[in-house]
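Asks: If it helps, the file is called query25.csv and holds CSV, C-alpha atoms:
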chain,number,residue,atom,x,y,z
A,88,MET,CA,73.2,-129.3,82.5
A,89,ARG,CA,72.6,-132.9,83.5
A,90,ILE,CA,70.4,-134.9,81.0
A,91,ARG,CA,68.0,-137.6,81.9
A,92,LYS,CA,68.3,-140.8,79.8
A,93,ASN,CA,66.6,-144.1,79.1
A,94,PHE,CA,69.6,-146.0,80.4
A,95,VAL,CA,72.3,-145.0,82.8
A,96,ASP,CA,75.4,-146.6,84.4
A,97,SER,CA,75.1,-145.1,87.9
A,98,PHE,CA,78.7,-145.4,88.9
A,99,PRO,CA,80.3,-143.1,86.2
A,100,GLU,CA,77.1,-141.0,86.1
A,101,SER,CA,77.2,-140.3,89.9
A,102,ALA,CA,80.6,-138.5,89.6
A,103,GLY,CA,78.6,-135.3,88.8
A,104,TYR,CA,76.2,-135.5,91.7
A,105,GLY,CA,76.4,-134.3,95.3
A,106,SER,CA,75.0,-135.5,98.6
A,107,TYR,CA,71.3,-135.9,98.6
A,108,ASP,CA,70.9,-134.4,95.1
A,109,GLU,CA,68.1,-136.9,94.5
A,110,PHE,CA,68.5,-136.4,90.7
A,111,PRO,CA,65.9,-138.3,88.6
A,112,MET,CA,68.0,-140.4,86.3
A,113,LEU,CA,65.6,-141.8,83.7
A,114,ALA,CA,63.4,-140.3,81.1
A,115,PRO,CA,60.7,-138.1,82.8
A,116,GLU,CA,57.8,-140.4,81.9
A,117,THR,CA,59.4,-143.4,83.7
A,118,ASP,CA,57.4,-144.7,86.7
A,119,PRO,CA,58.7,-145.4,89.2
A,120,GLN,CA,61.6,-143.0,88.8
A,121,ILE,CA,65.1,-143.7,90.0
A,122,HIS,CA,66.8,-140.8,91.8
A,123,VAL,CA,70.6,-140.9,92.5
A,124,SER,CA,72.7,-139.3,95.2
A,125,LYS,CA,76.4,-139.6,96.0
A,126,ASN,CA,76.5,-139.1,99.8
A,127,HIS,CA,79.4,-138.5,102.2
A,128,LEU,CA,77.7,-136.8,105.2
A,129,PRO,CA,74.5,-137.4,107.1
A,130,GLN,CA,71.3,-136.3,105.5
A,131,PRO,CA,70.5,-132.9,106.9
A,132,PHE,CA,66.9,-133.8,107.8
A,133,TYR,CA,64.4,-136.7,107.9
A,134,LEU,CA,62.7,-137.0,104.6
A,135,ILE,CA,59.0,-138.0,104.5
A,136,CYS,CA,57.7,-139.3,101.2
A,137,GLY,CA,53.9,-139.3,100.7
A,138,LYS,CA,54.1,-142.6,98.8
A,139,ASP,CA,56.1,-145.8,99.4
A,140,SER,CA,59.7,-145.6,98.2
A,141,VAL,CA,62.7,-148.0,98.1
A,142,LEU,CA,66.4,-147.2,98.8
A,143,ALA,CA,69.1,-149.2,97.1
A,144,GLN,CA,72.7,-149.0,98.4
A,145,LEU,CA,75.0,-149.2,95.4
A,146,SER,CA,78.3,-148.5,97.1
A,147,GLY,CA,79.5,-147.7,100.6
A,148,LYS,CA,77.6,-148.4,103.8
A,149,ALA,CA,75.0,-146.5,105.7
A,150,THR,CA,72.5,-146.6,108.5
A,151,VAL,CA,69.0,-145.5,107.7
A,152,HIS,CA,67.2,-144.1,110.8
A,153,MET,CA,63.4,-144.1,110.9
A,154,LYS,CA,60.8,-142.4,113.1
A,155,HIS,CA,57.3,-143.7,113.9
A,156,HIS,CA,58.1,-147.2,112.6
A,157,GLU,CA,58.8,-150.6,114.1
A,158,VAL,CA,62.3,-150.5,112.6
A,159,ILE,CA,64.3,-147.7,114.3
A,160,SER,CA,67.4,-148.1,112.2
A,161,GLN,CA,68.7,-150.4,109.4
A,162,SER,CA,72.3,-150.8,108.3
A,163,THR,CA,72.8,-151.1,104.5
A,164,LYS,CA,75.7,-152.3,102.3
A,165,PRO,CA,76.1,-152.6,98.6
A,166,GLY,CA,73.3,-154.6,97.1
A,167,ASP,CA,70.8,-153.9,99.9
A,168,PHE,CA,67.3,-152.6,99.3
A,169,LEU,CA,65.2,-151.0,102.0
A,170,TYR,CA,61.5,-150.5,101.7
A,171,VAL,CA,60.3,-147.2,103.3
A,172,PRO,CA,56.5,-147.0,103.8
A,173,ALA,CA,54.7,-143.9,102.9
A,174,GLY,CA,54.8,-141.2,105.6
A,175,THR,CA,57.8,-142.7,107.4
A,176,PRO,CA,60.4,-140.0,108.3
A,177,HIS,CA,63.8,-141.4,107.5
A,178,MET,CA,67.4,-140.1,107.4
A,179,ILE,CA,70.5,-141.7,105.8
A,180,GLU,CA,73.7,-141.6,107.7
A,181,PRO,CA,76.6,-142.9,105.5
A,182,ASP,CA,79.6,-144.5,106.9
A,183,GLY,CA,81.9,-142.8,104.4
A,184,PRO,CA,81.2,-142.0,100.7
A,185,GLY,CA,78.5,-144.0,99.0
A,186,ILE,CA,76.0,-144.0,96.2
A,187,TYR,CA,72.4,-144.9,96.5
A,188,HIS,CA,69.2,-145.0,94.4
A,189,ARG,CA,65.8,-143.9,95.6
A,190,TYR,CA,62.9,-145.5,93.7
A,191,LYS,CA,59.8,-143.4,94.1
A,192,ALA,CA,56.6,-142.6,92.2
A,193,ARG,CA,57.0,-140.2,89.3
A,194,ASP,CA,54.1,-138.3,90.6
A,195,ALA,CA,55.3,-138.4,94.2
A,196,GLY,CA,52.5,-136.2,95.7
A,197,LEU,CA,53.1,-134.7,99.1
A,198,GLU,CA,56.6,-134.8,100.6
A,199,GLY,CA,58.1,-133.3,103.7
A,200,VAL,CA,61.2,-132.8,105.8
A,201,ALA,CA,61.5,-132.9,109.6
A,202,TRP,CA,64.1,-132.4,112.3
A,203,TYR,CA,64.1,-134.3,115.6
A,204,CYS,CA,65.6,-133.3,118.9
A,205,SER,CA,68.9,-135.1,119.7
A,206,ASN,CA,68.2,-134.6,123.4
A,207,CYS,CA,64.5,-135.7,123.9
A,208,THR,CA,63.7,-137.1,120.3
A,209,LYS,CA,60.6,-135.0,119.9
A,210,GLU,CA,59.9,-133.3,116.6
A,211,VAL,CA,61.6,-129.9,116.3
A,212,TYR,CA,60.3,-128.7,113.0
A,213,ARG,CA,58.4,-130.1,110.0
A,214,GLU,CA,57.3,-128.7,106.6
A,215,VAL,CA,55.3,-130.5,103.9
A,216,TRP,CA,54.8,-129.4,100.2
A,217,ASP,CA,53.2,-130.8,97.0
A,218,SER,CA,55.9,-132.1,94.7
A,219,ALA,CA,53.7,-131.4,91.7
A,220,VAL,CA,53.9,-127.7,92.6
A,221,GLU,CA,57.5,-127.4,93.9
A,222,LEU,CA,60.5,-129.5,93.0
A,223,PRO,CA,61.8,-131.4,96.0
A,224,GLN,CA,65.2,-129.9,95.6
A,225,ASN,CA,63.8,-126.4,95.7
A,226,ALA,CA,61.8,-127.3,98.8
A,227,TYR,CA,64.9,-128.9,100.4
A,228,HIS,CA,66.9,-125.8,99.7
A,229,ARG,CA,64.2,-123.3,100.8
A,230,ILE,CA,63.2,-125.1,104.0
A,231,THR,CA,66.8,-126.0,105.1
A,232,SER,CA,68.0,-122.5,104.5
A,233,ALA,CA,65.1,-121.1,106.6
A,234,PHE,CA,65.9,-123.7,109.3
A,235,ASN,CA,69.5,-122.8,109.3
A,236,SER,CA,68.9,-119.0,109.5
A,237,THR,CA,66.1,-119.1,112.1
A,238,PRO,CA,67.1,-120.0,115.6
A,239,SER,CA,63.4,-120.3,116.7
A,240,MET,CA,62.9,-123.1,114.1
A,241,ARG,CA,65.8,-125.0,115.6
A,242,LEU,CA,64.6,-124.8,119.2
A,243,CYS,CA,62.9,-127.9,120.7
A,244,LYS,CA,59.7,-126.7,122.3
A,245,SER,CA,59.7,-129.8,124.5
A,246,CYS,CA,63.1,-129.6,126.2
A,247,GLY,CA,64.5,-126.2,125.1
A,248,THR,CA,67.5,-127.6,123.2
A,249,GLU,CA,68.7,-125.3,120.3
A,250,HIS,CA,70.0,-127.4,117.4
A,251,LEU,CA,72.9,-126.4,115.2
A,252,PRO,CA,72.2,-125.5,111.6
A,253,ALA,CA,72.2,-128.4,109.1
A,254,ASP,CA,75.5,-129.1,107.4
A,255,LEU,CA,75.0,-128.5,103.7
A,256,THR,CA,78.6,-129.2,102.6
A,257,GLY,CA,78.6,-130.6,99.0
A,258,ILE,CA,74.9,-130.3,98.6
A,259,SER,CA,73.8,-128.7,95.3
A,260,TRP,CA,70.0,-128.6,95.5
A,261,LYS,CA,69.7,-125.2,93.8
A,262,GLU,CA,71.7,-126.3,90.8
A,263,VAL,CA,69.8,-129.6,90.5
A,264,ALA,CA,66.5,-127.8,90.6
A,265,GLU,CA,67.7,-125.4,87.8
A,266,ASP,CA,68.7,-128.4,85.7
A,267,LEU,CA,65.4,-130.1,86.2
A,268,ALA,CA,63.4,-126.9,85.5
A,269,ALA,CA,65.3,-126.5,82.2
A,270,VAL,CA,63.8,-129.7,80.9
A,271,PRO,CA,60.1,-130.0,82.1
A,272,PRO,CA,58.7,-133.5,82.6
A,273,LYS,CA,56.4,-134.9,79.9
Represent the structure from my file as structure tokens, please.

Replies:
Amino acid sequence: MRIRKNFVDSFPESAGYGSYDEFPMLAPETDPQIHVSKNHLPQPFYLICGKDSVLAQLSGKATVHMKHHEVISQSTKPGDFLYVPAGTPHMIEPDGPGIYHRYKARDAGLEGVAWYCSNCTKEVYREVWDSAVELPQNAYHRITSAFNSTPSMRLCKSCGTEHLPADLTGISWKEVAEDLAAVPPK
């Protein structure tokens, strides 16, 4: 079981994390909370946070793609911070292995995931949940599993393109959710 602490050194700590784990690193009462992920493949969906968040690239390089925002994409390198306004769908595409932090409100409120058509760029599927009711990692796992196993969810209603299932290689959302559920927040 992973343990949340008052202080962490993200580089050695990140060895036990997988892509897009979004594991909250600090003591549960800390606000904003820092979430860590060690990524090596593109994020399998666009994440939508109901409140503002900030991404910090600790190692590696990536491009963050955004929808419905004046910035379409932003390259990041170690030391870069990227502000993501509330409600902005965004997806991280690493250029090789890297570690990042996501700073987000402890009580994050509504969150969502969405997929967009690679052919016509229209939204293919979106689902929103309340993070006070369902852990984000449980929602990521539940929704992406349904997306992967349901061809009609992957079908663009605008142009008819059927999208491939999301690549979940090295993603351990189920295990992260179990670790987080074992130690309830204060």

Asks: Do a neighbour search on Val151 of chain A at 12 Å with all atoms listed in the file, toss out local chain neighbours closer than 4 positions, and write the hits as a ChimeraX atom specification.

Replies: /A:129-130,132-134,141-144,158-164,167-171,175-182,187

Asks: Leaving out segment 208-223 of chain A and any residue of its chain fewer than 4 positions from it, which residues lie within 8 Å of it when counting all atoms listed in the file, given as an MDAnalysis selection string?

Replies: chainID A and resid 194:204 227 230 240:245 264

Asks: Hey, which of A:Lys138, A:His152, A:His188, A:His228 ends up closest to Asn126 of chain A? Count all atoms listed in the file.

Replies: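 Once distances to Asn126 of chain A are computed over all atoms listed in the file, the minimum belongs to A:His188.
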
Asks: Nearest to Ala114 of chain A: which of A:Ser239, A:Arg193, A:Leu251, A:Cys246 is it, counting all atoms listed in the file?

Replies: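 Of A:Ser239, A:Arg193, A:Leu251, A:Cys246, the one nearest Ala114 of chain A, counting all atoms listed in the file, is A:Arg193.
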
Asks: Looking at only C-alpha atoms, which of A:Glu265, A:Tyr190, A:Pro172, A:Pro184 is the one that sits closest to Glu157 of chain A?

Replies: A:Pro172

Asks: At a cut-off of 10 Å, using all atoms listed in the file, what residues contact Leu255 of chain A? Leave out same-chain residues fewer than 5 positions from it and give the result as a PyMOL selection string.

Replies: chain A and resi 106-107+128-131+228+231-232+235+260

Asks: In Å, with one decimal, what is the gap from atom CA of Ser124 of chain A to atom CA of Asp254 of chain A?

Replies: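 Value for the atom CA of Ser124 of chain A-atom CA of Asp254 of chain A distance: 16.1 Å.
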
Asks: Which residue out of A:Pro238, A:Cys207, A:Gly185, A:Tyr104 has the minimum interatomic distance to Gly147 of chain A when all atoms listed in the file are used?

Replies: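 Closest to Gly147 of chain A, using all atoms listed in the file: A:Gly185.
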
Asks: Could you state the separation of atom CA of Gly247 of chain A and atom CA of Met153 of chain A in Å, given to one decimal place?

Replies: 22.9 Å

Asks: Record the distance separating atom CA of Phe110 of chain A and atom CA of Gly257 of chain A, expressed in Å with one decimal.

Replies: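 Atom-to-atom, atom CA of Phe110 of chain A and atom CA of Gly257 of chain A are spaced 14.3 Å apart.
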
Asks: Closest to Gln120 of chain A among A:Thr256, A:Glu249, A:Ala192, A:Lys154, using all atoms listed in the file?

Replies: A:Ala192

Asks: Between A:Ile186, A:Thr237, A:Gly166, A:Ile135, single out the one closest to His250 of chain A, counting all atoms listed in the file.

Replies: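 With all atoms listed in the file as the atom set, the closest residue is A:Thr237.
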
Asks: Would you mind exporting segment 209-221 of chain A with N, CA and C atoms, as an mmCIF file, in the first residue's frame?

Replies:
data_model
loop_
_atom_site.group_PDB
_atom_site.id
_atom_site.type_symbol
_atom_site.label_atom_id
_atom_site.label_comp_id
_atom_site.auth_asym_id
_atom_site.auth_seq_id
_atom_site.Cartn_x
_atom_site.Cartn_y
_atom_site.Cartn_z
ATOM 1 N N LYS A 209 -14.833 16.254 -33.501
ATOM 2 C CA LYS A 209 -16.042 16.374 -32.677
ATOM 3 C C LYS A 209 -15.927 15.449 -31.464
ATOM 4 N N GLU A 210 -16.666 15.780 -30.418
ATOM 5 C CA GLU A 210 -16.675 14.940 -29.223
ATOM 6 C C GLU A 210 -17.349 13.605 -29.535
ATOM 7 N N VAL A 211 -16.691 12.519 -29.155
ATOM 8 C CA VAL A 211 -17.211 11.173 -29.382
ATOM 9 C C VAL A 211 -17.996 10.695 -28.161
ATOM 10 N N TYR A 212 -17.415 10.884 -26.971
ATOM 11 C CA TYR A 212 -18.082 10.442 -25.745
ATOM 12 C C TYR A 212 -17.544 11.252 -24.570
ATOM 13 N N ARG A 213 -18.430 11.519 -23.595
ATOM 14 C CA ARG A 213 -18.055 12.251 -22.381
ATOM 15 C C ARG A 213 -18.863 11.684 -21.225
ATOM 16 N N GLU A 214 -18.205 11.616 -20.059
ATOM 17 C CA GLU A 214 -18.916 11.252 -18.834
ATOM 18 C C GLU A 214 -18.349 12.078 -17.688
ATOM 19 N N VAL A 215 -19.243 12.537 -16.817
ATOM 20 C CA VAL A 215 -18.879 13.384 -15.677
ATOM 21 C C VAL A 215 -19.334 12.691 -14.398
ATOM 22 N N TRP A 216 -18.570 12.858 -13.318
ATOM 23 C CA TRP A 216 -18.917 12.293 -12.015
ATOM 24 C C TRP A 216 -18.523 13.289 -10.926
ATOM 25 N N ASP A 217 -19.015 13.043 -9.737
ATOM 26 C CA ASP A 217 -18.679 13.865 -8.573
ATOM 27 C C ASP A 217 -17.543 13.176 -7.836
ATOM 28 N N SER A 218 -16.390 13.841 -7.739
ATOM 29 C CA SER A 218 -15.217 13.219 -7.106
ATOM 30 C C SER A 218 -15.400 13.028 -5.599
ATOM 31 N N ALA A 219 -16.425 13.649 -4.999
ATOM 32 C CA ALA A 219 -16.720 13.412 -3.583
ATOM 33 C C ALA A 219 -17.459 12.082 -3.406
ATOM 34 N N VAL A 220 -18.049 11.579 -4.479
ATOM 35 C CA VAL A 220 -18.815 10.331 -4.430
ATOM 36 C C VAL A 220 -17.999 9.160 -4.981
ATOM 37 N N GLU A 221 -17.226 9.403 -6.029
ATOM 38 C CA GLU A 221 -16.436 8.341 -6.663
ATOM 39 C C GLU A 221 -15.003 8.826 -6.852
#
